[in-house]
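**Student:** File entry-v5.txt follows (compact mmCIF, C-alpha atoms):
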# COMPACT_ATOMS: atom_id res chain seq x y z
CA MET A 1 -4.47 -6.37 -19.45
CA VAL A 2 -4.69 -2.72 -18.71
CA VAL A 3 -1.97 -1.09 -16.64
CA ARG A 4 -3.37 2.10 -15.15
CA THR A 5 -1.02 4.67 -13.69
CA LEU A 6 -2.66 6.38 -10.74
CA LEU A 7 -0.26 9.27 -10.81
CA SER A 8 1.27 9.92 -14.19
CA SER A 9 4.01 12.13 -12.83
CA VAL A 10 5.17 9.38 -10.49
CA SER A 11 4.43 6.28 -12.56
CA HIS A 12 7.30 4.44 -10.92
CA LEU A 13 5.33 4.39 -7.70
CA GLY A 14 2.99 1.61 -8.58
CA HIS A 15 0.15 0.47 -10.79
CA TYR A 16 -3.47 -0.48 -10.58
CA CYS A 17 -3.70 -3.49 -12.88
CA ARG A 18 -7.15 -4.62 -13.90
CA GLN A 19 -8.26 -7.67 -15.83
CA ASN A 20 -10.35 -6.85 -18.90
CA GLY A 21 -14.05 -7.39 -18.47
CA THR A 22 -14.51 -6.12 -14.92
CA ASN A 23 -17.56 -4.00 -14.17
CA GLY A 24 -18.86 -1.33 -11.80
CA LYS A 25 -17.42 0.26 -8.73
CA ARG A 26 -16.12 -2.98 -7.25
CA LYS A 27 -13.55 -3.61 -9.94
CA ARG A 28 -10.88 -5.94 -8.73
CA ILE A 29 -7.85 -4.25 -7.42
CA SER A 30 -4.42 -5.55 -8.24
CA LEU A 31 -2.47 -2.75 -6.81
CA VAL A 32 1.22 -3.18 -6.37
CA LEU A 33 1.53 -0.13 -4.22
CA ALA A 34 4.89 0.80 -2.84
CA ALA A 35 6.78 3.83 -1.70
CA SER A 36 10.11 4.17 0.09
CA THR A 37 10.69 1.25 2.44
CA THR A 38 12.94 0.50 5.36
CA VAL A 39 14.50 -1.64 8.04
CA ALA A 40 17.16 -3.92 6.64
CA LEU A 41 15.92 -7.47 6.38
CA SER A 42 17.61 -9.58 9.01
CA GLY A 43 17.00 -12.55 6.76
CA CYS A 44 19.03 -11.14 3.88
CA SER A 45 21.19 -14.05 2.84
CA PHE A 46 23.94 -11.71 1.70
CA PHE A 47 24.40 -10.07 5.12
CA SER A 48 25.72 -13.25 6.71
CA PRO A 49 25.99 -16.79 5.31
CA ASN A 50 24.16 -18.13 8.36
CA GLU A 51 21.30 -15.65 8.46
CA GLY A 52 17.72 -16.34 7.44
CA LEU A 53 14.51 -14.38 7.62
CA ALA A 54 14.25 -13.74 11.35
CA PRO A 55 11.12 -13.41 13.44
CA SER A 56 10.59 -10.06 15.10
CA SER A 57 12.32 -11.39 18.22
CA GLY A 58 15.55 -11.37 16.20
CA LYS A 59 16.22 -15.11 16.46
CA SER A 60 17.22 -16.69 13.17
CA LEU A 61 15.03 -19.37 11.65
CA ILE A 62 18.02 -20.91 9.88
CA THR A 63 20.66 -23.26 11.18
CA ALA A 64 22.66 -24.81 8.34
CA PRO A 65 21.73 -25.33 4.67
CA GLU A 66 20.28 -28.73 3.86
CA THR A 67 22.05 -30.94 1.33
CA VAL A 68 18.72 -31.81 -0.38
CA GLN A 69 17.45 -28.85 -2.34
CA GLU A 70 13.80 -27.87 -2.04
CA ARG A 71 11.88 -25.98 -4.72
CA ILE A 72 9.96 -22.69 -4.61
CA GLY A 73 7.83 -21.38 -7.47
CA LEU A 74 7.68 -17.78 -8.70
CA ILE A 75 4.89 -16.71 -11.10
CA LEU A 76 5.28 -13.32 -12.78
CA PRO A 77 4.56 -11.59 -16.10
CA LEU A 78 7.91 -11.67 -17.90
CA THR A 79 6.68 -10.70 -21.36
CA GLY A 80 4.04 -8.21 -22.42
CA PRO A 81 3.14 -4.82 -20.93
CA MET A 82 4.07 -5.72 -17.33
CA ALA A 83 7.35 -7.44 -18.21
CA SER A 84 9.56 -4.75 -16.69
CA ILE A 85 7.76 -4.98 -13.34
CA GLY A 86 7.92 -8.76 -13.40
CA ALA A 87 11.63 -8.76 -14.24
CA ARG A 88 12.51 -6.45 -11.36
CA MET A 89 10.55 -8.59 -8.92
CA ARG A 90 12.21 -11.74 -10.26
CA ASP A 91 15.63 -10.17 -9.73
CA ALA A 92 14.77 -9.28 -6.14
CA ALA A 93 13.53 -12.80 -5.41
CA GLN A 94 16.70 -14.30 -6.86
CA LEU A 95 18.77 -11.96 -4.72
CA ALA A 96 16.99 -13.30 -1.63
CA LEU A 97 17.49 -16.93 -2.71
CA PRO A 98 21.07 -17.52 -3.86
CA ALA A 99 21.51 -20.81 -5.70
CA ASP A 100 23.93 -22.15 -3.07
CA LYS A 101 21.49 -21.84 -0.16
CA GLY A 102 19.67 -25.12 -0.57
CA VAL A 103 16.61 -23.86 -2.45
CA ILE A 104 15.83 -23.90 -6.18
CA LEU A 105 13.69 -21.03 -7.48
CA ASP A 106 11.50 -22.12 -10.40
CA VAL A 107 10.41 -19.06 -12.40
CA TYR A 108 7.25 -19.22 -14.53
CA ASP A 109 6.07 -16.63 -17.05
CA GLU A 110 2.31 -16.29 -16.65
CA THR A 111 1.98 -14.53 -19.99
CA GLN A 112 2.99 -17.62 -21.96
CA GLU A 113 0.49 -20.05 -23.48
CA GLY A 114 -1.89 -21.37 -20.85
CA GLY A 115 -1.49 -18.27 -18.69
CA PRO A 116 -1.42 -18.30 -14.89
CA VAL A 117 -3.35 -21.59 -14.70
CA LYS A 118 -0.67 -23.41 -16.71
CA ALA A 119 2.08 -21.73 -14.68
CA ALA A 120 0.48 -22.86 -11.41
CA SER A 121 0.00 -26.40 -12.75
CA ASN A 122 3.68 -26.53 -13.73
CA ALA A 123 4.65 -25.41 -10.23
CA VAL A 124 2.63 -28.24 -8.70
CA LYS A 125 4.16 -30.77 -11.12
CA ALA A 126 7.67 -29.52 -10.30
CA GLY A 127 7.07 -30.14 -6.60
CA ASP A 128 7.33 -26.49 -5.54
CA LYS A 129 6.60 -26.28 -1.81
CA ILE A 130 5.24 -22.72 -1.99
CA VAL A 131 4.48 -20.28 -4.81
CA LEU A 132 5.29 -16.57 -4.85
CA GLY A 133 3.16 -14.23 -6.99
CA PRO A 134 1.52 -13.39 -9.28
CA ILE A 135 0.92 -9.64 -9.34
CA THR A 136 -2.63 -8.97 -10.47
CA SER A 137 -5.87 -9.79 -8.72
CA GLY A 138 -7.28 -11.86 -11.58
CA SER A 139 -4.13 -13.94 -11.97
CA THR A 140 -3.93 -14.46 -8.22
CA GLU A 141 -7.42 -15.96 -8.19
CA LYS A 142 -6.63 -18.33 -11.06
CA VAL A 143 -3.36 -19.48 -9.49
CA ALA A 144 -5.02 -19.98 -6.11
CA ASP A 145 -7.69 -22.22 -7.61
CA VAL A 146 -4.95 -24.58 -8.81
CA LEU A 147 -2.66 -24.44 -5.79
CA GLN A 148 -5.32 -24.89 -3.13
CA VAL A 149 -6.37 -28.23 -4.57
CA SER A 150 -2.80 -29.44 -3.96
CA ASN A 151 -2.48 -27.64 -0.59
CA VAL A 152 0.38 -25.44 -1.85
CA PRO A 153 0.53 -22.05 -0.06
CA GLU A 154 0.71 -18.84 -2.07
CA LEU A 155 2.30 -15.47 -1.25
CA ALA A 156 0.65 -13.21 -3.84
CA PHE A 157 1.85 -9.71 -4.70
CA THR A 158 -1.61 -8.26 -5.34
CA SER A 159 -3.10 -5.70 -2.98
CA ASP A 160 -6.69 -6.82 -3.55
CA ILE A 161 -7.70 -7.88 -0.04
CA ARG A 162 -10.59 -9.86 -1.52
CA GLN A 163 -8.10 -12.44 -2.74
CA ALA A 164 -7.00 -13.21 0.84
CA ARG A 165 -8.07 -16.58 2.21
CA PRO A 166 -6.51 -19.38 4.25
CA GLY A 167 -3.43 -20.46 2.31
CA VAL A 168 -3.38 -17.36 0.06
CA TRP A 169 -1.66 -14.30 1.57
CA VAL A 170 -1.96 -10.82 0.05
CA MET A 171 1.58 -9.45 0.34
CA GLY A 172 0.95 -6.09 -1.36
CA LEU A 173 0.27 -2.98 0.66
CA THR A 174 -3.51 -2.69 0.70
CA PRO A 175 -5.69 0.42 0.97
CA GLU A 176 -7.19 -1.21 4.08
CA GLN A 177 -3.81 -1.28 5.82
CA GLN A 178 -3.25 2.40 5.06
CA VAL A 179 -6.70 3.53 6.19
CA ASN A 180 -6.54 1.48 9.38
CA ARG A 181 -3.21 3.07 10.32
CA LEU A 182 -4.54 6.57 9.68
CA VAL A 183 -7.70 6.02 11.72
CA GLU A 184 -5.83 4.49 14.65
CA SER A 185 -3.43 7.45 14.70
CA ALA A 186 -6.27 9.98 14.43
CA LEU A 187 -8.09 8.30 17.30
CA SER A 188 -4.95 8.61 19.42
CA GLU A 189 -5.17 12.42 19.14
CA GLY A 190 -8.86 12.52 19.99
CA ARG A 191 -10.53 12.52 16.59
CA LYS A 192 -13.94 10.86 16.69
CA SER A 193 -15.93 11.85 13.59
CA PHE A 194 -14.63 10.65 10.23
CA ALA A 195 -15.58 11.48 6.65
CA ALA A 196 -14.10 10.71 3.25
CA PHE A 197 -14.03 12.47 -0.13
CA LEU A 198 -12.76 9.94 -2.63
CA PRO A 199 -12.40 9.30 -6.36
CA ASP A 200 -15.06 7.08 -7.89
CA ASN A 201 -12.64 4.30 -8.85
CA ALA A 202 -11.32 1.03 -7.45
CA LEU A 203 -8.87 2.68 -5.06
CA GLY A 204 -11.44 5.18 -3.82
CA HIS A 205 -14.04 2.53 -3.08
CA ALA A 206 -11.49 0.30 -1.35
CA MET A 207 -10.53 3.21 0.90
CA GLY A 208 -14.16 4.11 1.59
CA GLU A 209 -15.09 0.54 2.47
CA ALA A 210 -12.04 0.26 4.71
CA LEU A 211 -12.97 3.46 6.55
CA ALA A 212 -16.51 2.23 7.14
CA ALA A 213 -15.24 -1.14 8.37
CA ILE A 214 -12.73 0.20 10.89
CA CYS A 215 -15.20 2.81 12.20
CA GLN A 216 -17.67 0.01 12.83
CA LYS A 217 -14.98 -2.08 14.49
CA LYS A 218 -14.02 0.82 16.77
CA GLY A 219 -17.64 1.58 17.68
CA LEU A 220 -17.61 4.97 15.95
CA ASN A 221 -20.42 6.65 14.06
CA VAL A 222 -20.85 5.60 10.45
CA PRO A 223 -18.54 7.87 8.41
CA GLN A 224 -19.96 9.99 5.62
CA VAL A 225 -18.28 8.82 2.42
CA VAL A 226 -18.79 10.80 -0.79
CA TYR A 227 -17.36 9.85 -4.19
CA HIS A 228 -16.69 12.10 -7.17
CA THR A 229 -15.73 11.68 -10.81
CA ASP A 230 -12.90 13.51 -12.58
CA ASN A 231 -15.27 16.28 -13.70
CA ILE A 232 -14.75 19.59 -11.88
CA ASP A 233 -18.51 20.05 -11.50
CA SER A 234 -18.73 16.63 -9.88
CA ILE A 235 -15.91 17.53 -7.50
CA ASN A 236 -17.55 20.83 -6.51
CA GLY A 237 -21.04 19.41 -6.18
CA SER A 238 -19.96 16.28 -4.33
CA PHE A 239 -17.96 18.32 -1.83
CA GLU A 240 -21.01 20.50 -1.18
CA THR A 241 -22.91 17.30 -0.48
CA LEU A 242 -20.22 16.27 1.99
CA LEU A 243 -20.50 19.62 3.78
CA ASP A 244 -24.30 19.65 3.59
CA ILE A 245 -24.10 23.13 2.07
CA LYS A 246 -27.86 23.54 1.56
CA ASN A 247 -28.56 23.23 5.27
CA ASP A 248 -25.65 25.33 6.56
CA PRO A 249 -26.59 28.98 7.28
CA ASN A 250 -22.98 30.09 6.83
CA ALA A 251 -22.76 28.75 3.28
CA ASP A 252 -23.79 31.82 1.30
CA ALA A 253 -21.38 31.32 -1.56
CA LYS A 254 -20.14 28.47 -3.69
CA PRO A 255 -16.46 27.84 -4.34
CA GLN A 256 -15.04 29.98 -7.12
CA GLU A 257 -13.82 28.31 -10.27
CA ASN A 258 -10.39 26.77 -10.11
CA THR A 259 -7.53 28.40 -11.99
CA GLN A 260 -6.27 25.09 -13.38
CA PRO A 261 -3.69 23.93 -10.83
CA SER A 262 -0.80 21.88 -12.06
CA ALA A 263 -1.13 18.11 -11.92
CA ILE A 264 2.42 17.93 -10.63
CA ASP A 265 2.40 20.97 -8.36
CA PRO A 266 -1.15 21.41 -7.05
CA LEU A 267 -1.08 24.85 -5.48
CA GLY A 268 1.65 26.07 -3.20
CA GLY A 269 0.87 27.79 0.06
CA ASP A 270 -0.83 26.87 3.29
CA ILE A 271 -4.55 26.18 3.49
CA SER A 272 -4.50 26.86 7.21
CA GLU A 273 -3.74 30.51 6.50
CA LYS A 274 -6.06 31.19 3.54
CA THR A 275 -9.69 32.04 4.27
CA ASP A 276 -12.49 33.83 2.50
CA ASP A 277 -13.51 36.88 4.55
CA SER A 278 -16.74 37.30 2.56
CA LYS A 279 -18.52 34.61 4.57
CA LYS A 280 -18.27 32.76 7.83
CA PRO A 281 -16.33 29.48 7.69
CA LEU A 282 -18.35 26.31 7.70
CA LYS A 283 -18.45 24.00 10.67
CA PRO A 284 -18.15 20.50 9.21
CA ALA A 285 -19.71 17.59 11.07
CA PHE A 286 -16.38 15.72 11.01
CA ASP A 287 -12.96 16.28 12.55
CA ALA A 288 -11.02 13.92 10.28
CA LEU A 289 -11.25 13.83 6.48
CA LEU A 290 -9.83 11.08 4.28
CA LEU A 291 -8.82 11.99 0.70
CA GLY A 292 -7.67 9.67 -2.07
CA ASP A 293 -6.85 11.89 -5.05
CA THR A 294 -3.58 12.85 -6.69
CA GLY A 295 -2.57 15.20 -9.48
CA LEU A 296 -5.02 17.68 -11.02
CA ASN A 297 -8.01 16.47 -9.01
CA LEU A 298 -6.12 16.96 -5.77
CA GLY A 299 -5.38 20.52 -6.86
CA HIS A 300 -9.08 21.17 -7.35
CA ILE A 301 -9.86 19.71 -3.94
CA ILE A 302 -7.22 21.89 -2.29
CA ASN A 303 -8.91 24.94 -3.80
CA ILE A 304 -12.23 23.86 -2.31
CA LEU A 305 -10.67 23.23 1.09
CA GLN A 306 -9.25 26.73 1.02
CA LYS A 307 -12.55 28.27 -0.03
CA TYR A 308 -14.47 26.69 2.84
CA ASP A 309 -11.64 27.11 5.36
CA ILE A 310 -11.34 23.36 5.96
CA SER A 311 -7.88 23.68 7.43
CA THR A 312 -5.67 21.16 9.19
CA SER A 313 -5.94 23.26 12.33
CA LYS A 314 -9.59 22.20 12.53
CA VAL A 315 -9.84 18.94 10.60
CA ARG A 316 -7.22 16.19 10.40
CA ILE A 317 -6.77 15.77 6.64
CA MET A 318 -5.41 12.37 5.63
CA GLY A 319 -4.37 10.81 2.32
CA PRO A 320 -2.87 7.68 0.76
CA MET A 321 0.72 6.52 0.63
CA LEU A 322 0.79 7.76 -2.97
CA TRP A 323 1.31 11.27 -1.60
CA LYS A 324 4.82 10.36 -0.50
CA ALA A 325 6.09 10.51 -4.08
CA PHE A 326 5.24 14.22 -4.43
CA ASP A 327 4.87 15.54 -0.89
CA GLY A 328 7.41 18.23 -1.71
CA LYS A 329 4.65 19.85 -3.79
CA LEU A 330 1.99 19.68 -1.07
CA GLY A 331 2.84 22.61 1.17
CA ALA A 332 -0.79 23.72 0.72
CA LEU A 333 -1.77 20.70 2.81
CA LYS A 334 0.42 21.66 5.76
CA GLY A 335 -0.33 19.31 8.66
CA ALA A 336 -1.99 16.61 6.56
CA TRP A 337 -1.03 12.97 7.14
CA TYR A 338 -0.23 10.01 4.95
CA PRO A 339 1.01 6.51 5.93
CA ALA A 340 4.24 5.02 4.63
CA PHE A 341 7.10 2.77 5.55
CA ASP A 342 9.97 4.06 7.66
CA ASP A 343 12.63 4.51 4.98
CA ARG A 344 15.71 5.12 7.12
CA GLN A 345 17.35 1.69 7.14
CA ARG A 346 16.89 0.24 3.65
CA GLY A 347 20.38 1.11 2.50
CA ARG A 348 22.00 -2.33 2.65
CA TYR A 349 19.39 -3.86 0.36
CA ILE A 350 19.74 -1.03 -2.15
CA GLN A 351 23.52 -1.34 -2.06
CA LYS A 352 23.48 -5.07 -2.75
CA TYR A 353 20.86 -4.76 -5.49
CA VAL A 354 22.92 -2.10 -7.26
CA GLU A 355 26.09 -4.22 -6.93
CA VAL A 356 24.41 -7.19 -8.56
CA TYR A 357 22.11 -5.59 -11.15
CA HIS A 358 23.76 -2.17 -11.69
CA THR A 359 20.49 -0.32 -11.26
CA GLN A 360 18.41 1.02 -8.41
CA PRO A 361 15.67 -1.31 -7.12
CA SER A 362 12.10 -0.17 -7.58
CA PRO A 363 10.13 -0.10 -4.31
CA VAL A 364 7.82 -2.75 -5.76
CA THR A 365 10.68 -5.25 -5.54
CA ASP A 366 10.58 -5.22 -1.75
CA PHE A 367 7.53 -7.46 -1.61
CA ALA A 368 9.19 -10.05 -3.83
CA TYR A 369 12.36 -9.96 -1.75
CA ASP A 370 10.50 -10.39 1.54
CA ALA A 371 8.33 -13.21 0.22
CA ALA A 372 11.31 -15.08 -1.22
CA ALA A 373 13.40 -14.67 1.94
CA LEU A 374 10.53 -15.87 4.13
CA ALA A 375 9.77 -18.85 1.87
CA GLY A 376 13.42 -19.81 1.60
CA ALA A 377 13.99 -19.70 5.33
CA LEU A 378 11.00 -21.88 6.21
CA THR A 379 11.56 -24.26 3.32
CA ARG A 380 15.18 -24.95 4.22
CA GLU A 381 14.13 -25.67 7.79
CA HIS A 382 11.25 -27.91 6.66
CA LYS A 383 8.91 -25.64 8.63
CA LEU A 384 6.71 -24.57 5.77
CA ASP A 385 3.37 -25.07 7.49
CA LYS A 386 0.51 -22.87 8.71
CA ALA A 387 1.82 -22.68 12.27
CA ASN A 388 5.18 -21.27 11.20
CA LEU A 389 3.81 -19.05 8.43
CA THR A 390 1.42 -17.44 10.90
CA ARG A 391 3.82 -17.26 13.87
CA LYS A 392 2.66 -14.58 16.29
CA ASN A 393 6.05 -12.84 16.39
CA GLY A 394 5.91 -12.21 12.65
CA PHE A 395 8.91 -11.62 10.42
CA MET A 396 11.35 -8.76 9.91
CA GLY A 397 11.34 -7.62 6.30
CA LEU A 398 12.63 -4.72 4.25
CA ASN A 399 9.47 -2.80 5.18
CA GLY A 400 9.68 -3.59 8.89
CA THR A 401 7.91 -6.32 10.81
CA PHE A 402 5.01 -8.06 9.12
CA TRP A 403 2.64 -10.82 10.18
CA LEU A 404 0.80 -13.40 8.07
CA LYS A 405 -2.68 -13.95 9.49
CA GLU A 406 -4.64 -17.18 9.18
CA ASN A 407 -7.27 -15.55 6.98
CA GLY A 408 -4.70 -14.53 4.35
CA HIS A 409 -4.37 -10.92 5.49
CA VAL A 410 -0.93 -9.45 6.15
CA LYS A 411 -0.41 -6.94 8.93
CA ARG A 412 2.41 -4.41 8.43
CA ASN A 413 3.96 -1.68 10.51
CA LEU A 414 3.41 1.72 8.96
CA VAL A 415 4.45 5.14 10.20
CA ILE A 416 2.65 8.44 9.77
CA TYR A 417 4.24 11.34 7.88
CA GLN A 418 3.03 14.92 8.31
CA ILE A 419 3.34 17.42 5.47
CA LEU A 420 5.45 20.49 6.27
CA PRO A 421 4.53 24.12 5.46
CA GLY A 422 6.98 24.38 2.58
CA GLY A 423 6.37 20.88 1.29
CA GLY A 424 8.04 17.62 2.19
CA ALA A 425 7.14 15.66 5.30
CA ARG A 426 8.46 14.40 8.61
CA MET A 427 7.71 11.19 10.44
CA ILE A 428 5.59 11.85 13.51
CA VAL A 429 4.23 8.46 14.61
CA PRO A 430 6.80 5.70 15.13
CA LYS A 431 6.02 2.26 13.76
CA VAL A 432 5.95 0.69 17.24
CA SER A 433 2.31 -0.03 18.08
CA GLY A 434 0.94 2.17 20.81
CA SER A 435 3.75 4.74 20.65
CA HIS A 436 2.84 8.18 19.34
CA GLN A 437 5.70 10.36 20.47
CA LYS A 438 6.65 12.93 17.86
CA LYS A 439 10.11 12.94 16.42
Render the structure in this file as structure tokens.
**Tutor:**
Amino acid sequence: MVVRTLLSSVSHLGHYCRQNGTNGKRKRISLVLAASTTVALSGCSFFSPNEGLAPSSGKSLITAPETVQERIGLILPLTGPMASIGARMRDAAQLALPADKGVILDVYDETQEGGPVKAASNAVKAGDKIVLGPITSGSTEKVADVLQVSNVPELAFTSDIRQARPGVWVMGLTPEQQVNRLVESALSEGRKSFAAFLPDNALGHAMGEALAAICQKKGLNVPQVVYHTDNIDSINGSFETLLDIKNDPNADAKPQENTQPSAIDPLGGDISEKTDDSKKPLKPAFDALLLGDTGLNLGHIINILQKYDISTSKVRIMGPMLWKAFDGKLGALKGAWYPAFDDRQRGRYIQKYVEVYHTQPSPVTDFAYDAAALAGALTREHKLDKANLTRKNGFMGLNGTFWLKENGHVKRNLVIYQILPGGGARMIVPKVSGSHQKK
């Protein structure tokens, strides 16, 4: 298995994990994508002995612990290259399911002999009522094939939306969720024409497909989506294609060569204030531009934006949640947006995790905690069925309210952060749907 770090300088943020043998642009995504998260989980068993994972209405799902213990399965990689990620997620799940709360957590290592198929078969044999995990897209598919025959639901930690189906929920934060939130917010400020300039990889294509899908759903024009490789000539040429340089009378010069921006600190400054007086600025055919790059490539793209005066005063520039990890270095993108979780109320979870494990929890652990708390609450109440899993009020988790949909998709509340002139960002769109008042 190959663990690919999307942003080497912030490798703690998350990983794109791909099964060997995948081909082409539609490589399966197994993104465990997380950034800072928020809103203390009302179902945290350590907050109150009588609390469970509560629906968004705030009413507890739990009454009293049952004397007969039910079983929940957890499938993770606990040896091999992803062992550290798997161990942290196991710890978070165990924190959400104390042994004295009427539920037994059976933990299976998918990297042992027989792999994820054997782990899923063991979970069925043990009588596990629901299975949490695994992490990667390929393992999720193999586990689902076993569990669905026995009608055992699965809360998988992958972010590959193609693994979603009735009975298999994709708990990871998907590129589709991020793009949808950005488009909805841009529409609320009057943006109507969307375009995307994205890396030619699994993440880039997932973002591009998501943008096309939501534009179609909203009745908007088909967005222009252009992909580029890591080569600087590809970036320059592909951006000219996006701007239709050959047919623009104002485009009398090509972007100058980049001066090798830092992968960690891609160009300070403010693109809204830097223009090239030697030619008239272009008038792009879009008023919202979606980017997906990080590191050195993002630095190159910032240079091109500056050269053609594509500033945030004219075009709403938007990027992925990955930007949150280094937004302090992105003052050059003043006014740009990225989606993330509201991280103001996650303190109690962090405090308890540190007390128990003597280390800070990685953001990736939040998905395991939420899934375990939800599964434990419904299992103890003997309400582990489709109707309760897909309750319309949803559930309150560490990352805010989330909803399990019948088709296996998971809807999450995300907020929008806007990059400040000197770097860093502030939250501007509250997570409450339909509210866009700046804070």
**Student:** Between A:Leu220, A:Leu203, A:Leu95, A:Leu76, which one has atoms that come closest to Thr294 of chain A, using only C-alpha atoms?
**Tutor:**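 Of A:Leu220, A:Leu203, A:Leu95, A:Leu76, the one nearest Thr294 of chain A, counting only C-alpha atoms, is A:Leu203.
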**Student:** In Å, with one decimal, what is the gap from atom CA of Ala325 of chain A to atom CA of Gln224 of chain A?
**Tutor:**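 It comes out at 27.8 Å.
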**Student:** Select, from A:Ala123, A:Val354, A:Ile419, A:Ile161, the residue with the minimum atom-to-atom distance to Leu74 of chain A, counting all atoms listed in the file.
**Tutor:** A:Ala123
**Student:** Would you list the residues near (-9.9, 21.3, -0.5), meaning any protein, DNA or RNA residue with an atom at most 10 Å from that point in file coordinates, counting only C-alpha atoms, as a PyMOL selection string?
**Tutor:** chain A and resi 197+235-236+239+271+291+297-311+317+332-333
**Student:** Atoms to include: C-alpha atoms. Write the selected residues as a short mmCIF file (atom, residue, chain, number, x, y, z; two decimals), in the coordinates of the input.
**Tutor:**
data_model
loop_
_atom_site.label_atom_id
_atom_site.label_comp_id
_atom_site.auth_asym_id
_atom_site.auth_seq_id
_atom_site.Cartn_x
_atom_site.Cartn_y
_atom_site.Cartn_z
CA PHE A 197 -14.03 12.47 -0.13
CA ILE A 235 -15.91 17.53 -7.50
CA ASN A 236 -17.55 20.83 -6.51
CA PHE A 239 -17.96 18.32 -1.83
CA ILE A 271 -4.55 26.18 3.49
CA LEU A 291 -8.82 11.99 0.70
CA ASN A 297 -8.01 16.47 -9.01
CA LEU A 298 -6.12 16.96 -5.77
CA GLY A 299 -5.38 20.52 -6.86
CA HIS A 300 -9.08 21.17 -7.35
CA ILE A 301 -9.86 19.71 -3.94
CA ILE A 302 -7.22 21.89 -2.29
CA ASN A 303 -8.91 24.94 -3.80
CA ILE A 304 -12.23 23.86 -2.31
CA LEU A 305 -10.67 23.23 1.09
CA GLN A 306 -9.25 26.73 1.02
CA LYS A 307 -12.55 28.27 -0.03
CA TYR A 308 -14.47 26.69 2.84
CA ASP A 309 -11.64 27.11 5.36
CA ILE A 310 -11.34 23.36 5.96
CA SER A 311 -7.88 23.68 7.43
CA ILE A 317 -6.77 15.77 6.64
CA ALA A 332 -0.79 23.72 0.72
CA LEU A 333 -1.77 20.70 2.81
#
**Student:** So which residues fall inside 6 Å of (9.7, -22.8, -7.4) if we count all atoms listed in the file? Mind giving them as a ChimeraX atom specification?
**Tutor:** /A:71-74,105-106,128
